[in-house]
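> Got a structure for you, written out below as structure tokens; questions coming shortly.
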Amino acid sequence: SFSTIDGFCATVLRDMPLLAKIDPHFTVLSAEESALRRDDAIDDTLRQLAHATDTRYRTLLLYYSKSQIKRFLQSLSSSQAPALNNNTHQETLYQQALKSSQSDSDTQVTTQSIQWTKALLDINEKVHQLYQQTKNQDGCLDYHDLLSKTNDILMHQDARRYLQQRYAYIFVDEFQDTNTTQWELVQQLCDPFSPFSPKKLCIVGDIKQSIYRFRGAEPYLFKSLLNTSYPDHETR
């Protein structure tokens with residue numbers, strides 16, 4: 001059967017909803033629906049912070065308009081980087097940036113900029129939590145959920161073996177528009193340490209034809225793969 005990567009993930013998740021710990025009747029959000037829900041989460045979060053006289057939000061309003069702050073948050077919310085929604089990683093980056101700023105010629109300005117960025121990241125975390133909460137309440141999954149939850153399923157040995165046997169051969173077209181998460185998923189369906197060795201996987205792509213970088217595609221992942229030595233690995 002032929003399918004998009006998200007279509008494949010949806011099929012797997014509907015087959016194993018208990019293992020994925022999701023509503024078996026989940027709804028898949030389109031990119032437009034996901035963006036609208038993120039915007040609603042941003043508006044609701046800013047409204048809550050304004051009523052709570054949140055000091056971070058109030059400080060940002062001294063230098064930026066509400067519309068500017070909203071645009072910043074929209075950019076962060078649509079980011080492909082999981083680290084932006086990881087509190088531990090955020091705090092590590094913040095402390096490293098503050099330490100680096102001490103050697104800057106204009107320490108006050110640099111430190112202030114870092115603190116503004118930290119405030120935006122903190123607010124973005126609240127936006128992300130609200131976005132996730134409303135999706136869970138409505139039994140919805142977005143594109144990133146489909147990939148991450150399918151990868152979680154593939155961490156279970158029995159499920160991974162079942163899917164490896166179910167899909168005897170795998171063909172991936174337009175590989176230049178693949179990202180790391182998608183590639184990890186494909187490897188799990190083969191042999192993660194040597195995906196080409198069973199003569200199971202075939203990929204086709206052209207780096208110069210990549211058109212989905214704005215969605216997180218990593219065309220140089222393809223180039224890196226071509227330069228990697230795998231047993232029985234053939235390139236043409």
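Letters A, B, ... go to the chains of the structure tokens in the order shown; residues in each chain start at 1; ligands are counted from 1 in the same order.
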Show me, as a PyMOL selection string, the residues that have an atom within 8 Å of Leu46 of chain A when counting only C-alpha atoms, minus same-chain residues fewer than 4 positions from it.

chain A and resi 42+50+57

> Output all heavy atoms for every residue in the selection just made, as a compact mmCIF listing (two decimals), in the first residue's frame.


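Final output, saved to out_5.txt:
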```txt
# COMPACT_ATOMS: atom_id res chain seq x y z
N ILE A 42 -2.67 30.93 22.15
CA ILE A 42 -1.89 32.15 22.39
C ILE A 42 -2.78 33.25 22.96
O ILE A 42 -2.45 33.89 23.96
CB ILE A 42 -1.21 32.63 21.09
CG1 ILE A 42 -0.09 31.68 20.68
CG2 ILE A 42 -0.66 34.05 21.26
CD1 ILE A 42 0.51 31.96 19.32
N ALA A 50 -2.61 38.60 31.41
CA ALA A 50 -2.96 40.01 31.61
C ALA A 50 -3.82 40.16 32.87
O ALA A 50 -3.61 41.09 33.67
CB ALA A 50 -3.70 40.54 30.39
N TYR A 57 4.96 39.04 31.34
CA TYR A 57 4.17 39.61 30.26
C TYR A 57 4.14 41.13 30.38
O TYR A 57 4.29 41.86 29.40
CB TYR A 57 2.76 39.04 30.31
CG TYR A 57 1.86 39.50 29.18
CD1 TYR A 57 2.34 39.64 27.88
CD2 TYR A 57 0.52 39.79 29.40
CE1 TYR A 57 1.53 40.04 26.84
CE2 TYR A 57 -0.31 40.19 28.37
CZ TYR A 57 0.20 40.32 27.10
OH TYR A 57 -0.61 40.73 26.07
```

> Restricting the calculation to only C-alpha atoms, which member of A:Glu125, A:Lys135, A:Leu61, A:His156 is positioned closest to Ile22 of chain A?

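Among the listed residues, the smallest separation from Ile22 of chain A belongs to A:Lys135.
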
> List as number ranges by chain the protein and nucleic acid residues near segment 184-193 of chain A, meaning an atom at most 8 Å away when only C-alpha atoms are counted, but skip any in the same chain fewer than 4 places from it.

A: 147, 150-151, 154, 160, 163-164, 167, 180, 197-198, 200-201

> Could you save those same residues with N, CA and C atoms as a PDB file, in the first residue's frame?


```
ATOM      1  N   LEU A 147       3.684  11.376  14.413  1.00  0.00           N
ATOM      2  CA  LEU A 147       5.043  10.832  14.302  1.00  0.00           C
ATOM      3  C   LEU A 147       5.597  10.411  15.657  1.00  0.00           C
ATOM      4  N   THR A 150       3.807   7.313  17.118  1.00  0.00           N
ATOM      5  CA  THR A 150       4.154   6.098  16.383  1.00  0.00           C
ATOM      6  C   THR A 150       5.565   5.657  16.745  1.00  0.00           C
ATOM      7  N   ASN A 151       6.483   6.605  16.863  1.00  0.00           N
ATOM      8  CA  ASN A 151       7.842   6.266  17.311  1.00  0.00           C
ATOM      9  C   ASN A 151       7.828   5.658  18.705  1.00  0.00           C
ATOM     10  N   LEU A 154       6.877   2.080  18.453  1.00  0.00           N
ATOM     11  CA  LEU A 154       7.965   1.271  17.909  1.00  0.00           C
ATOM     12  C   LEU A 154       9.067   1.004  18.936  1.00  0.00           C
ATOM     13  N   ARG A 160       7.094  -3.503  17.466  1.00  0.00           N
ATOM     14  CA  ARG A 160       8.088  -3.266  16.412  1.00  0.00           C
ATOM     15  C   ARG A 160       8.260  -4.510  15.540  1.00  0.00           C
ATOM     16  N   LEU A 163       5.224  -4.970  13.201  1.00  0.00           N
ATOM     17  CA  LEU A 163       5.206  -4.038  12.075  1.00  0.00           C
ATOM     18  C   LEU A 163       6.336  -4.330  11.089  1.00  0.00           C
ATOM     19  N   GLN A 164       7.473  -4.767  11.587  1.00  0.00           N
ATOM     20  CA  GLN A 164       8.571  -5.140  10.692  1.00  0.00           C
ATOM     21  C   GLN A 164       8.174  -6.308   9.794  1.00  0.00           C
ATOM     22  N   TYR A 167       5.321  -5.182   7.145  1.00  0.00           N
ATOM     23  CA  TYR A 167       5.804  -4.431   5.991  1.00  0.00           C
ATOM     24  C   TYR A 167       7.133  -5.034   5.544  1.00  0.00           C
ATOM     25  N   THR A 180      14.597  14.179  10.566  1.00  0.00           N
ATOM     26  CA  THR A 180      15.214  13.188  11.442  1.00  0.00           C
ATOM     27  C   THR A 180      14.184  12.284  12.112  1.00  0.00           C
ATOM     28  N   SER A 197      20.540  -3.511   5.279  1.00  0.00           N
ATOM     29  CA  SER A 197      21.114  -4.853   5.191  1.00  0.00           C
ATOM     30  C   SER A 197      20.131  -5.940   4.775  1.00  0.00           C
ATOM     31  N   PRO A 198      18.850  -5.895   5.171  1.00  0.00           N
ATOM     32  CA  PRO A 198      17.952  -6.972   4.760  1.00  0.00           C
ATOM     33  C   PRO A 198      17.428  -6.804   3.328  1.00  0.00           C
ATOM     34  N   LYS A 200      15.602  -4.508   2.363  1.00  0.00           N
ATOM     35  CA  LYS A 200      14.195  -4.199   2.605  1.00  0.00           C
ATOM     36  C   LYS A 200      13.833  -2.777   2.212  1.00  0.00           C
ATOM     37  N   LEU A 201      14.801  -1.878   2.321  1.00  0.00           N
ATOM     38  CA  LEU A 201      14.518  -0.456   2.170  1.00  0.00           C
ATOM     39  C   LEU A 201      15.085   0.119   0.886  1.00  0.00           C
TER      40      LEU A 201
END
```

> Taking only C-alpha atoms into account, which of A:Lys199, A:Asp44, A:Phe175, A:Ile170 comes nearest Ala217 of chain A?

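Closest residue, counting only C-alpha atoms: A:Phe175.
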
> May I ask which of the residues A:Asp158, A:Ala168, A:Leu60, A:Asn179 is the closest one to Leu121 of chain A, counting only C-alpha atoms?

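Going through A:Asp158, A:Ala168, A:Leu60, A:Asn179 one by one, the smallest distance to Leu121 of chain A is for A:Leu60.
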
> From segment 37-76 of chain A, collect each residue whose DSSP state is alpha helix (DSSP H) and return the set as a ChimeraX atom specification.

/A:37-51,55-61,66-76

> Could you check how far atom CA of Val127 of chain A sits from atom CA of Cys9 of chain A, in Å to one decimal?

25.6 Å

> With 10 Å as the cut-off and only C-alpha atoms counted, what is the closest atom pair between each nearby residue of segment 101-205 of chain A and segment 15-18 of chain A? Distances in Å to one decimal, ordered by chain and number, as a Markdown table.


```
| residue | atom | partner | partner_atom | distance |
| --- | --- | --- | --- | --- |
| A:Lys149 | CA | A:Pro17 | CA | 9.8 |
| A:Thr150 | CA | A:Met16 | CA | 9.4 |
| A:Ile153 | CA | A:Met16 | CA | 8.1 |
| A:Ala159 | CA | A:Met16 | CA | 8.7 |
```
